[in-house]
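Engineer: Below: one structure in structure tokens.
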Amino acid sequence: MRALSVSLIAALQALAITLPQSQPLSIPLTKRSTLRTADGYVDPASIRAHISSTEAKLQRGAAAFERNTGVALFSPSPIKRAGVLGSDPLVDDSNERWYGKIEVGTPPHTFTVDCDTGSTDFFLPGPSCGEACSGHEIYNPNSSSSAEPLGKNFTVEYSDGSMATGVLYTDTVLLAGFKASAQTLGVASLYSYGFSSENFGADGLMGMAFKSVSEYGANSVFQTLVSQEAVPEPVFAFKLASSGSELYVGGVNSTLYYGPFTYLPVIQQGYWQVTGDAIGIDGKEIVNTFSAIVDTGTTLILGDTSYVSQLYAVINATEVGGGVYSLPCDAMPNVTITLGGKSFALSAETFNFGKYGSSGNTCLGGIAGSDGLGDQWILGDVFLRNVYTAFNVGNTSVGFADLA
């Protein structure tokens with residue numbers, strides 16, 4: 001009798017996860033910060049490490065794009081450093097990472113993942129990871145009836161020393177209740193200190209860019225959902241804010257924005273890379289017609305150091321080293337980014353990245369210089385917290401709307 005009950009429960013579970021979803025669903029997102037101290041001060045060394053990590057991530061994806069397609073995605077510059085600095089609900093990690101919950105395996109097991117539109121691949125800590133993965137939820141493919149080994153290894157490395165390495169599997173993944181079958185994922189046998197629970201609040205990372213920048217040569221979880229016609233629309237959308245943040249899967253959440261979307265076509269199906277019109281500060285346009293990658297996995301707005309220097313020169317800001325600038329906390333400028341003919345303003349709250357120095361009156365700006373990505377701009381958290389953003393896989397475009 002007990003065996004029959006267990007079998008019945010297992011059958012019902014299997015039935016539940018195969019029922020098709022007809023409506024888009026949201027995943028609440030949470031954010032956790034390691035760039036600011038508890039009293040709100042900025043750790044400049046952490047900012048530089050984050051910029052370097054972003055550069056390395058995007059360079060690695062660009063290299064994978066060239067391997068996979070034979071075409072150069074962009075031409076990154078050699079990294080130079082001028083100075084050193086002493087609804088799935090989403091959780092904000094302020095490194096700045098946005099975490100949401102997914103389910104993997106049969107029966108499904110819940111994990112938190114960093115939702116990153118600046119990469120494609122998906123990995124979780126595995127059972128042989130040991131002490132390096134202490135504090136993380138462990139994915140064990142031997143406990144999932146739908147897991148299949150691919151017989152291939154993977155390694156993901158960042159310039160700040162963070163690394164994950166292990167083997168590739170396929171398994172069932174549930175994202176906001178939508179089922180992706182035979183999704184490729186990395187099962188890590190080693191996490192470096194950068195991915196320790198102390199530094200990385202999620203269990204793993206879920207990329208949301210295109211297959212052409214995948215180190216695995218595989219679709220992202222959302223691309224798999226689209227290819228299997230598992231979502232009502234080939235669209236996902238983000239609200240990133242101090243509260244109420246979410247990843248909406250299979251459409252957009254009309255309660256979180258107002259007015260029409262401004263859509264921009266993706267330049268090349270690698271990253272979510274678009275062409276912007278202008279970047280201005282206090283009414284003066286400094287940058288015109290620029291290429292930008294829309295990246296939920298990057299904290300700041302990053303740009304070529306020479307243009308960033310020109311922006312800050314308008315307000316007489318001071319470079320404190322490595323493309324990072326300080327200014328009076330009570331004198332945040334009016335910064336606008338124009339996309340598709342519409343100007344989006346950055347609030348003083350989002351542009352002010354936090355206090356710096358002993359006086360308590362000096363803060364760091366949310367735009368920083370990057371030497372490792374050529375003329376690419378990166379529209380990260382500092383911009384994305386000011387807009388509602390939709391990523392359309394069907395017509396490969398990115399849309400921006402005003403937050404409700």
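Residue numbers start at 1 in each chain; chains themselves are named A, B, ... in the order of the structure tokens; ligands are numbered from 1 in the order shown.
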Run DSSP on the backbone and grab whatever in range 121-174 of chain A lands in strand (DSSP E or B); send it over as a PyMOL selection string.
Structural biologist: chain A and resi 122-125+148-157+163-174
Engineer: What's around range 209-214 of chain A at 8 Å? Count only C-alpha atoms, leave out sequence neighbours fewer than 4 positions away in its own chain, and write the answer as a list in words.
Structural biologist: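 Near neighbours after the sequence-gap exclusion: Gly61, Ala62, Ala63, Ala64, Phe65, Asn68, Thr69, Asp116, Thr117, Gly118, Ser119, Thr120, Asp121, Ala218, Asn219, Ser220, Gln223, Gln269, Gly270, Tyr271 and Trp272 of chain A.
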Engineer: With distances taken over only C-alpha atoms, which residue among A:Gly280, A:Gly394, A:Pro108, A:Gly340 lies nearest Ser143 in chain A?
Structural biologist: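 So, comparing all the options, the nearest one is A:Pro108.
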Engineer: Enter the distance from CA of Ala292 in chain A to CA of Leu379 in chain A, in Å, rounded to one decimal.
Structural biologist: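 It comes out at 6.5 Å.
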Engineer: Calculated over only C-alpha atoms, which of the candidates A:Leu384, A:Val221, A:Ile337, A:Ile281 has the smallest distance to Phe178 in chain A?
Structural biologist: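 Selected residue with least distance to Phe178 in chain A: A:Val221.
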Engineer: Separation of CA of Phe353 in chain A and CA of Leu300 in chain A, in Å?
Structural biologist: 8.6 Å
Engineer: Expressed in Å to a single decimal, how great is the separation between CA of Gly166 in chain A and CA of Gly186 in chain A?
Structural biologist: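 Atom-to-atom, CA of Gly166 in chain A and CA of Gly186 in chain A are spaced 6.5 Å apart.
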